[in-house]
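Student: mmCIF, C-alpha atoms, saved as entry04.cif, coming up:
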```cif
data_entry
#
loop_
_atom_site.label_atom_id
_atom_site.label_comp_id
_atom_site.auth_asym_id
_atom_site.auth_seq_id
_atom_site.Cartn_x
_atom_site.Cartn_y
_atom_site.Cartn_z
CA MET I 1 -48.74 28.75 23.90
CA SER I 2 -50.18 25.69 25.66
CA VAL I 3 -53.70 25.72 27.04
CA ALA I 4 -54.31 24.06 30.39
CA THR I 5 -56.93 21.35 30.20
CA SER I 6 -58.79 19.53 32.92
CA SER I 7 -57.92 15.88 33.51
CA TYR I 8 -61.45 15.18 34.72
CA ILE I 9 -63.32 12.57 32.69
CA PRO I 10 -67.11 13.10 32.78
CA LEU I 11 -69.14 10.13 33.97
CA ALA I 12 -70.93 10.02 30.63
CA GLU I 13 -67.60 9.05 29.04
CA ARG I 14 -66.99 6.18 31.46
CA ASN I 15 -68.26 2.72 30.58
CA LEU I 16 -69.35 2.10 34.18
CA TRP I 17 -72.06 4.76 33.84
CA ASN I 18 -73.19 4.51 30.22
CA ASP I 19 -76.50 2.89 31.21
CA VAL I 20 -77.55 5.80 33.46
CA LYS I 21 -79.34 8.93 32.32
CA PRO I 22 -78.27 11.80 34.60
CA ILE I 23 -80.87 14.05 36.22
CA ALA I 24 -79.88 17.72 36.30
CA GLN I 25 -80.68 19.94 39.27
CA ASP I 26 -83.93 21.82 38.72
CA ASP I 27 -83.43 25.42 39.85
CA GLY I 28 -86.53 26.67 38.04
CA PRO I 29 -86.65 28.87 34.93
CA ASN I 30 -85.14 31.97 36.55
CA PRO I 31 -82.90 31.11 39.51
CA VAL I 32 -82.15 34.20 41.59
CA VAL I 33 -78.75 33.15 42.92
CA PRO I 34 -77.55 30.01 41.11
CA ILE I 35 -74.71 28.19 42.85
CA MET I 36 -71.51 27.94 40.84
CA TYR I 37 -70.81 24.24 41.28
CA SER I 38 -67.60 22.78 39.93
CA GLU I 39 -67.89 20.62 36.83
CA GLU I 40 -66.97 17.49 38.82
CA TYR I 41 -69.53 18.15 41.56
CA ARG I 42 -72.37 18.99 39.20
CA ASP I 43 -71.67 15.86 37.16
CA ALA I 44 -71.52 13.60 40.21
CA MET I 45 -74.76 15.00 41.65
CA ASP I 46 -76.61 14.59 38.34
CA TYR I 47 -75.76 10.89 38.38
CA PHE I 48 -76.50 10.59 42.08
CA ARG I 49 -80.03 11.88 41.52
CA ALA I 50 -80.48 9.23 38.85
CA ILE I 51 -79.34 6.28 40.97
CA ALA I 52 -81.23 7.58 44.00
CA ALA I 53 -84.42 7.82 41.95
CA ALA I 54 -83.87 4.20 40.84
CA GLU I 55 -83.00 3.19 44.44
CA GLU I 56 -79.86 1.51 43.18
CA ARG I 57 -77.66 -0.09 45.84
CA SER I 58 -74.38 -1.08 44.24
CA GLU I 59 -70.60 -0.81 44.39
CA ARG I 60 -70.67 2.05 41.91
CA ALA I 61 -73.25 3.83 44.06
CA LEU I 62 -70.88 3.57 47.05
CA GLU I 63 -68.03 4.87 44.93
CA LEU I 64 -70.15 7.80 43.77
CA THR I 65 -71.23 8.73 47.31
CA GLU I 66 -67.60 8.73 48.44
CA THR I 67 -66.69 10.99 45.53
CA ILE I 68 -69.44 13.45 46.47
CA ILE I 69 -68.79 13.58 50.22
CA ARG I 70 -65.11 14.15 49.58
CA MET I 71 -66.17 17.29 47.74
CA ASN I 72 -69.03 18.16 50.10
CA PRO I 73 -68.78 16.38 53.49
CA ALA I 74 -71.93 18.14 54.74
CA HIS I 75 -74.33 16.55 52.22
CA TYR I 76 -76.56 14.63 54.63
CA THR I 77 -78.71 13.06 51.87
CA VAL I 78 -75.66 11.44 50.31
CA TRP I 79 -74.44 10.25 53.72
CA GLN I 80 -77.81 8.64 54.43
CA TYR I 81 -77.84 6.95 51.03
CA ARG I 82 -74.33 5.65 51.63
CA MET I 83 -75.27 4.16 55.00
CA THR I 84 -78.32 2.40 53.59
CA THR I 85 -76.25 1.03 50.72
CA LEU I 86 -73.54 -0.26 53.06
CA LEU I 87 -76.13 -2.17 55.06
CA GLU I 88 -77.96 -3.61 52.06
CA LEU I 89 -74.70 -4.79 50.48
CA LYS I 90 -73.58 -6.20 53.85
CA LYS I 91 -70.28 -4.39 53.59
CA ASP I 92 -67.57 -4.61 56.24
CA LEU I 93 -68.45 -1.74 58.56
CA GLU I 94 -65.09 -1.97 60.31
CA GLU I 95 -63.51 -1.05 56.99
CA GLU I 96 -65.91 1.86 56.65
CA LEU I 97 -64.95 2.99 60.15
CA GLN I 98 -61.32 3.14 59.08
CA LEU I 99 -62.33 5.36 56.19
CA MET I 100 -64.17 7.58 58.65
CA ASN I 101 -60.95 7.95 60.65
CA GLU I 102 -59.56 9.77 57.65
CA PHE I 103 -62.74 11.77 57.06
CA ALA I 104 -63.02 12.94 60.65
CA ILE I 105 -59.46 14.26 60.73
CA GLN I 106 -60.09 16.24 57.55
CA ASN I 107 -63.61 17.36 58.49
CA LEU I 108 -63.75 17.76 62.28
CA LYS I 109 -66.49 20.39 62.04
CA SER I 110 -68.83 18.26 59.92
CA TYR I 111 -71.80 16.98 61.89
CA GLN I 112 -72.57 14.45 59.15
CA VAL I 113 -69.17 12.76 59.53
CA TRP I 114 -69.73 12.21 63.26
CA HIS I 115 -73.33 11.08 62.80
CA HIS I 116 -72.24 8.52 60.21
CA ARG I 117 -69.68 7.28 62.71
CA LEU I 118 -72.41 7.04 65.35
CA LEU I 119 -74.49 4.84 63.03
CA LEU I 120 -71.49 2.65 62.30
CA LEU I 121 -70.76 2.12 66.00
CA THR I 122 -74.42 1.35 66.62
CA HIS I 123 -74.34 -1.46 64.04
CA ILE I 124 -70.83 -2.73 64.86
CA SER I 125 -71.73 -2.64 68.58
CA PRO I 126 -68.32 -3.61 70.05
CA GLN I 127 -68.23 -5.28 73.44
CA ASP I 128 -65.56 -2.82 74.57
CA PRO I 129 -65.69 0.70 73.07
CA SER I 130 -62.30 1.71 74.55
CA PHE I 131 -60.73 2.09 71.11
CA GLU I 132 -63.44 4.57 70.14
CA ILE I 133 -63.08 6.55 73.37
CA GLU I 134 -59.37 6.91 72.67
CA TYR I 135 -60.10 7.99 69.09
CA ILE I 136 -62.43 10.73 70.35
CA HIS I 137 -59.85 11.92 72.87
CA GLN I 138 -57.24 12.17 70.14
CA SER I 139 -59.69 13.98 67.84
CA LEU I 140 -60.25 16.66 70.47
CA LEU I 141 -56.56 17.53 70.74
CA PRO I 142 -56.48 19.79 67.65
CA ASP I 143 -59.95 21.19 68.34
CA PRO I 144 -60.76 20.91 72.08
CA LYS I 145 -64.09 22.76 71.82
CA ASN I 146 -65.60 20.98 68.82
CA TYR I 147 -69.28 20.62 69.72
CA HIS I 148 -69.91 17.66 67.39
CA THR I 149 -67.08 15.64 68.89
CA TRP I 150 -68.22 16.32 72.47
CA ALA I 151 -71.80 15.40 71.56
CA TYR I 152 -70.56 12.16 70.04
CA LEU I 153 -68.54 11.37 73.18
CA HIS I 154 -71.66 11.94 75.29
CA TRP I 155 -73.68 9.62 73.04
CA LEU I 156 -71.03 6.91 73.13
CA TYR I 157 -70.89 6.74 76.92
CA SER I 158 -74.67 6.93 77.28
CA HIS I 159 -75.30 4.31 74.60
CA PHE I 160 -72.75 1.76 75.76
CA TYR I 161 -73.64 2.30 79.41
CA THR I 162 -77.20 1.21 78.65
CA LEU I 163 -75.71 -1.93 77.07
CA GLY I 164 -73.66 -2.61 80.22
CA ARG I 165 -70.35 -2.08 78.43
CA ILE I 166 -68.89 0.86 80.38
CA SER I 167 -66.96 -0.21 83.46
CA GLU I 168 -66.52 1.84 86.62
CA LYS I 169 -62.82 2.10 85.78
CA GLN I 170 -63.70 3.68 82.42
CA TRP I 171 -65.88 6.25 84.17
CA GLN I 172 -63.02 7.10 86.54
CA ASP I 173 -60.48 7.25 83.72
CA GLU I 174 -62.80 9.55 81.80
CA LEU I 175 -63.11 11.89 84.76
CA ARG I 176 -59.32 12.08 85.06
CA TRP I 177 -59.07 12.83 81.33
CA CYS I 178 -61.72 15.55 81.68
CA GLU I 179 -59.83 17.10 84.60
CA GLU I 180 -56.71 17.22 82.46
CA MET I 181 -58.66 18.99 79.71
CA LEU I 182 -59.77 21.58 82.26
CA ARG I 183 -56.26 21.91 83.65
CA VAL I 184 -55.01 22.74 80.16
CA ASP I 185 -57.88 25.16 79.46
CA GLY I 186 -60.10 26.07 82.38
CA ARG I 187 -62.34 28.09 80.04
CA ASN I 188 -63.34 25.07 77.95
CA ASN I 189 -67.08 25.18 78.47
CA SER I 190 -67.53 21.84 76.68
CA ALA I 191 -65.22 20.17 79.18
CA TRP I 192 -67.17 21.72 82.05
CA GLY I 193 -70.37 20.36 80.55
CA TRP I 194 -68.78 16.93 80.28
CA ARG I 195 -67.64 17.09 83.90
CA TRP I 196 -71.23 17.87 84.89
CA TYR I 197 -72.40 14.73 83.13
CA LEU I 198 -69.67 12.59 84.70
CA ARG I 199 -70.11 13.92 88.24
CA VAL I 200 -73.78 14.82 88.44
CA ALA I 201 -76.00 13.83 85.54
CA ARG I 202 -74.92 10.37 84.45
CA PRO I 203 -76.65 7.27 85.84
CA GLY I 204 -74.87 6.19 88.99
CA ALA I 205 -72.92 9.45 89.33
CA GLU I 206 -71.02 9.68 92.63
CA THR I 207 -71.81 13.28 93.46
CA ALA I 208 -74.71 13.07 95.83
CA LYS I 209 -75.00 15.39 98.81
CA ASP I 210 -72.42 13.35 100.72
CA GLY I 211 -69.84 13.94 97.97
CA LEU I 212 -70.81 17.50 97.17
CA LYS I 213 -68.09 19.10 99.30
CA ASP I 214 -65.32 17.77 97.05
CA GLU I 215 -67.05 19.02 93.92
CA LEU I 216 -67.63 22.46 95.41
CA ASN I 217 -64.00 22.62 96.47
CA TYR I 218 -62.97 21.71 92.93
CA VAL I 219 -65.00 24.48 91.31
CA LEU I 220 -63.99 27.08 93.91
CA LYS I 221 -60.33 26.30 93.26
CA SER I 222 -61.01 26.64 89.53
CA ILE I 223 -62.60 30.04 90.09
CA HIS I 224 -59.58 31.08 92.14
CA LEU I 225 -57.27 30.17 89.26
CA ILE I 226 -59.33 32.12 86.68
CA PRO I 227 -61.67 34.49 88.60
CA HIS I 228 -63.35 35.87 85.45
CA ASN I 229 -64.15 32.41 84.06
CA VAL I 230 -67.90 32.33 83.43
CA SER I 231 -67.87 28.55 82.84
CA ALA I 232 -66.69 27.82 86.37
CA TRP I 233 -69.16 30.30 87.90
CA ASN I 234 -72.01 28.70 85.97
CA TYR I 235 -70.90 25.28 87.17
CA LEU I 236 -70.94 26.52 90.77
CA ARG I 237 -74.41 27.99 90.35
CA GLY I 238 -75.55 24.76 88.72
CA LEU I 239 -74.36 22.65 91.64
CA LEU I 240 -76.13 24.82 94.19
CA ARG I 241 -79.35 24.90 92.20
CA HIS I 242 -79.29 21.16 91.42
CA PHE I 243 -78.86 20.23 95.08
CA LYS I 244 -81.23 22.98 96.23
CA LEU I 245 -78.59 24.70 98.37
CA PRO I 246 -78.51 28.41 99.32
CA LEU I 247 -75.91 30.84 98.03
CA THR I 248 -75.16 32.51 101.34
CA PRO I 249 -72.98 29.84 103.01
CA LEU I 250 -70.37 30.23 100.25
CA LEU I 251 -70.09 34.02 100.50
CA PHE I 252 -66.91 33.76 102.56
CA ALA I 253 -65.28 31.98 99.60
CA ILE I 254 -66.64 34.51 97.08
CA LEU I 255 -65.67 37.59 99.11
CA PRO I 256 -62.08 37.99 97.79
CA TYR I 257 -63.46 38.52 94.27
CA THR I 258 -65.93 41.24 95.29
CA ALA I 259 -63.30 43.66 96.65
CA ARG I 260 -65.50 44.17 99.71
CA PRO I 261 -64.58 43.80 103.39
CA SER I 262 -66.27 41.01 105.30
CA SER I 263 -67.93 43.59 107.57
CA THR I 264 -70.26 44.52 104.69
CA LEU I 265 -71.70 41.02 104.49
CA PRO I 266 -74.67 39.62 106.36
CA GLU I 267 -74.08 36.96 108.98
CA ILE I 268 -72.96 33.80 107.19
CA PRO I 269 -74.03 30.41 108.54
CA GLN I 270 -71.04 28.04 108.65
CA ASP I 271 -72.80 24.99 107.22
CA PHE I 272 -69.86 24.07 105.00
CA ASP I 273 -66.16 23.54 105.58
CA PHE I 274 -64.04 24.35 102.53
CA ALA I 275 -60.33 24.53 101.91
CA THR I 276 -58.93 28.05 101.65
CA PRO I 277 -56.92 28.55 98.43
CA SER I 278 -53.20 28.38 99.24
CA VAL I 279 -52.22 30.51 96.23
CA PRO I 280 -53.06 34.23 96.42
CA LEU I 281 -54.82 36.00 93.58
CA PRO I 282 -52.41 37.37 90.96
CA ASN I 283 -51.75 41.07 91.52
CA ASP I 284 -53.00 41.90 88.03
CA THR I 285 -56.41 40.27 88.56
CA PRO I 286 -59.06 42.92 87.75
CA LEU I 287 -61.30 43.38 90.78
CA PRO I 288 -64.11 43.25 91.52
CA VAL I 289 -65.20 40.31 89.37
CA PRO I 290 -68.70 41.05 87.97
CA LEU I 291 -69.68 37.39 88.33
CA ALA I 292 -68.81 37.54 92.02
CA LEU I 293 -70.82 40.74 92.49
CA GLU I 294 -73.81 39.09 90.85
CA TYR I 295 -73.43 36.15 93.24
CA LEU I 296 -73.23 38.56 96.16
CA ALA I 297 -76.36 40.41 95.06
CA ASP I 298 -78.35 37.21 94.67
CA ALA I 299 -77.17 36.05 98.09
CA LEU I 300 -78.32 39.37 99.58
CA ILE I 301 -81.74 38.86 98.01
CA GLU I 302 -81.75 35.39 99.48
CA GLN I 303 -81.15 37.03 102.90
CA GLY I 304 -83.96 39.51 102.32
CA SER I 305 -81.56 42.47 101.89
CA ASN I 306 -83.06 43.69 98.63
CA ALA I 307 -81.97 47.29 99.04
CA GLU I 308 -78.31 46.29 99.41
CA ALA I 309 -78.65 43.92 96.45
CA GLY I 310 -80.04 46.78 94.37
CA GLU I 311 -76.95 48.84 95.17
CA VAL I 312 -74.71 46.02 93.91
CA PHE I 313 -76.70 45.74 90.68
CA SER I 314 -76.42 49.52 90.29
CA GLU I 315 -72.63 49.28 90.57
CA LEU I 316 -72.59 46.56 87.93
CA SER I 317 -74.67 48.72 85.62
CA THR I 318 -72.72 51.93 86.01
CA GLN I 319 -69.15 50.79 86.75
CA TYR I 320 -68.16 47.16 86.42
CA ASP I 321 -70.21 45.63 83.60
CA LYS I 322 -71.51 48.43 81.41
CA MET I 323 -71.89 46.08 78.45
CA ARG I 324 -74.93 44.59 80.21
CA ALA I 325 -76.08 47.80 81.83
CA GLY I 326 -79.66 47.30 80.71
CA TYR I 327 -79.87 43.87 82.33
CA TRP I 328 -78.35 45.03 85.61
CA GLU I 329 -80.70 48.01 85.71
CA TYR I 330 -83.59 45.58 85.24
CA ARG I 331 -82.32 43.52 88.18
CA ARG I 332 -81.94 46.69 90.28
CA ARG I 333 -85.53 47.75 89.57
CA GLU I 334 -86.74 44.30 90.59
CA CYS I 335 -85.14 44.84 94.00
CA VAL I 336 -86.64 48.31 94.39
CA GLU I 337 -90.12 47.24 93.29
CA GLU I 338 -90.16 44.33 95.67
#
```
Could you write out this file's structure as C-alpha cells?
Tutor:
Amino acid sequence: MSVATSSYIPLAERNLWNDVKPIAQDDGPNPVVPIMYSEEYRDAMDYFRAIAAAEERSERALELTETIIRMNPAHYTVWQYRMTTLLELKKDLEEELQLMNEFAIQNLKSYQVWHHRLLLLTHISPQDPSFEIEYIHQSLLPDPKNYHTWAYLHWLYSHFYTLGRISEKQWQDELRWCEEMLRVDGRNNSAWGWRWYLRVARPGAETAKDGLKDELNYVLKSIHLIPHNVSAWNYLRGLLRHFKLPLTPLLFAILPYTARPSSTLPEIPQDFDFATPSVPLPNDTPLPVPLALEYLADALIEQGSNAEAGEVFSELSTQYDKMRAGYWEYRRRECVEE
C-alpha cells in the first residue's frame, strides 16, 4: 500500500533560504482558538517575519510575498511589503500590473488586490488611463456589484481628472456605459451611485438646474420600469434634496404607484413639464408601492396636511409594509404630535 506524500519542499531545505532563521508566530502559551494553517503557509509566513524584521528588499523577498498572497490575497501587511520592495528595487511596474490582471480575476472581492493596483497606477501615472477604464469595465461583467471595483473606478476618474487626463469624451462615454449597466440591471445600486457622481457630484458635472429636467425624466422612467426599485426612488429623493426642490410638483408622476385617485391629492403646482410614460404598468405590478406612499405622505407634510399624511403612514404600518411597522408608526405619531 503506497502512502501519499507531499511534494512541498520546506524553505529550510532550499539553498536560497539557508541563511535565514525563521520566526514562528507567537500565539502565546495557551492559544484559545489556534488557526490551522497549512504547512506551506506557516512555513512561508515564518520566513516572511524574518525578512521583514531584517527589512530585506530582494528578489527572493518578492518571490516570497507572491507565494503568500497567492495563498492569502487579503494579507495587507504582505501586500504593503511587496509594494515597498518593488519601488526600492526599481522593478518594472507595468509588469507587476500584468500580474495584477491575473490576481484581480481570481480575487475580485479582495480589497488588497485593488488597492495594490491603485498604488501601481499612481506610480505609473499614464497620460491616458483608457486601458485601465476598459479593464475595470470588463472586471465588472462577472460581478456587477463588486464594491471594491466600483470604488476603484471612482478613484481612477477622480485622480486622473485632477491631473487633467480625463477628456470630456471619456466622461460622456462613461455615462453611456453606466446607462447600459442600469439598463441591464436597474436595481444595481452601485451603478446608480456612479451615475450620481457622473451627473451631479463630479467636478464640472452637467446637471445643474437647467439640465435637471432630463435627469428627473430619466429616474421617473426607471421607476416606471421597476416601481419597487428602492435605488431609483432614493436617486429621485437625492436629486430633489440636492437641488432644494419640493416633492409636491412631482406627485402627478408618482400617483399611478399609490393606487389613489387624483381627487385625493392636494392642488399640485405645475412647475415642471415631464414626459408621461408611454408603456403602461405591468398588470402584475403589486400596488400600491410602499415607496410611493412614503413619497405621498412626505409631500402631504410639505403641504401642511399632517393628518392625511398620518393616515398614509398608518396604512403602511398596518397593511403595505408591515416589516417596518414600527418605523411607520413612529412617523405617524410625529404627524399627530405636530
Student: Give me, please, the distance in Å between CA of Lys21 (chain I) and CA of Tyr47 (chain I), quoted to one decimal.
Tutor: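 Between CA of Lys21 (chain I) and CA of Tyr47 (chain I) the gap works out to 7.3 Å.
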Student: Using the chain letters and residue numbers of this document, give as a ChimeraX atom specification the residues selected by the PyMOL selection byres ((chain I and resi 319-329) around 12).
Tutor: /I:258-259,286-294,297-298,309-318,330-336
Student: Hey, what comes out of the PyMOL selection byres ((chain I and resi 154) around 12) on this file? Could you write it as a list in words?
Tutor: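 Output from the PyMOL selection byres ((chain I and resi 154) around 12), applied to this file: Leu118, Ile133, Ile136, Tyr147, His148, Thr149, Trp150, Ala151, Tyr152, Leu153, Trp155, Leu156, Tyr157, Ser158, His159, Phe160, Tyr161, Glu174, Ser190, Ala191, Gly193, Trp194, Arg195, Trp196, Tyr197, Leu198, Ala201 and Arg202 of chain I.
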Student: Expressed in Å to a single decimal, how great is the separation between CA of Ala52 (chain I) and CA of Trp79 (chain I)?
Tutor: 12.2 Å
Student: Counting only C-alpha atoms, figure out which residue out of I:Pro144, I:Pro246, I:Gly28, I:Pro280 gets nearest to Ile301 (chain I).
Tutor: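 Among the listed residues, I:Pro246 lies closest to Ile301 (chain I).
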Student: Using only C-alpha atoms, which residues sit within 8 Å of Ser58 (chain I) once same-chain residues fewer than 4 positions away are excluded, as a ChimeraX atom specification?
Tutor: /I:62,85,89
Student: Enumerate, as a PDB file with C-alpha atoms, in the coordinates of the input, the residues matched when the PyMOL selection byres ((chain I and resi 247) around 8) is run on the file above.
Tutor:
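What landed in selection.pdb:
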```pdb
ATOM      1  CA  LEU I 240     -76.130  24.820  94.190  1.00  0.00           C
ATOM      2  CA  LEU I 245     -78.590  24.700  98.370  1.00  0.00           C
ATOM      3  CA  PRO I 246     -78.510  28.410  99.320  1.00  0.00           C
ATOM      4  CA  THR I 248     -75.160  32.510 101.340  1.00  0.00           C
ATOM      5  CA  PRO I 249     -72.980  29.840 103.010  1.00  0.00           C
ATOM      6  CA  LEU I 250     -70.370  30.230 100.250  1.00  0.00           C
ATOM      7  CA  LEU I 251     -70.090  34.020 100.500  1.00  0.00           C
ATOM      8  CA  TYR I 295     -73.430  36.150  93.240  1.00  0.00           C
ATOM      9  CA  ASP I 298     -78.350  37.210  94.670  1.00  0.00           C
ATOM     10  CA  ALA I 299     -77.170  36.050  98.090  1.00  0.00           C
ATOM     11  CA  GLU I 302     -81.750  35.390  99.480  1.00  0.00           C
TER      12      GLU I 302
END
```
Student: Between CA of Glu94 (chain I) and CA of Thr65 (chain I), what is the spacing in Å?
Tutor: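 Rounded to one decimal, the two atoms are 17.9 Å apart.
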Student: In file coordinates, which residues lie within 10 Å of (-59.4, 27.0, 89.1) using only C-alpha atoms, given as a list in words?
Tutor: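 Using only C-alpha atoms, the matching residues come out as Leu182, Arg183, Asp185, Gly186, Arg187, Asn217, Tyr218, Val219, Leu220, Lys221, Ser222, Ile223, His224, Leu225, Ile226, Pro227, Asn229, Ala232 and Pro277 of chain I.
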Student: Would you pick out the contacts of Phe48 (chain I) at 10 Å or less, using all atoms listed in the file, so that residues sharing its chain but fewer than 2 positions from it are not included, and give the list as a PyMOL selection string?
Tutor: chain I and resi 20+22-24+42-46+50-54+56+61+64-65+68+78+81
Student: Counting only C-alpha atoms, which of I:Val33, I:Met71, I:Leu16, I:Pro203 gets nearest to Thr162 (chain I)?
Tutor: I:Pro203
Student: Check the smallest atom-to-atom distance from each of I:Ala104, I:Arg165, I:Asn15, I:Trp192 to Gly238 (chain I) using only C-alpha atoms, then report the winner.
Tutor: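 Closest to Gly238 (chain I), using only C-alpha atoms: I:Trp192.
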Student: What's the 10 Å shell around Leu239 (chain I), counting all atoms listed in the file, without same-chain residues fewer than 2 positions away, as a VMD selection string?
Tutor: chain I and resid 196 200 207 212 215 to 216 219 233 to 237 241 to 245
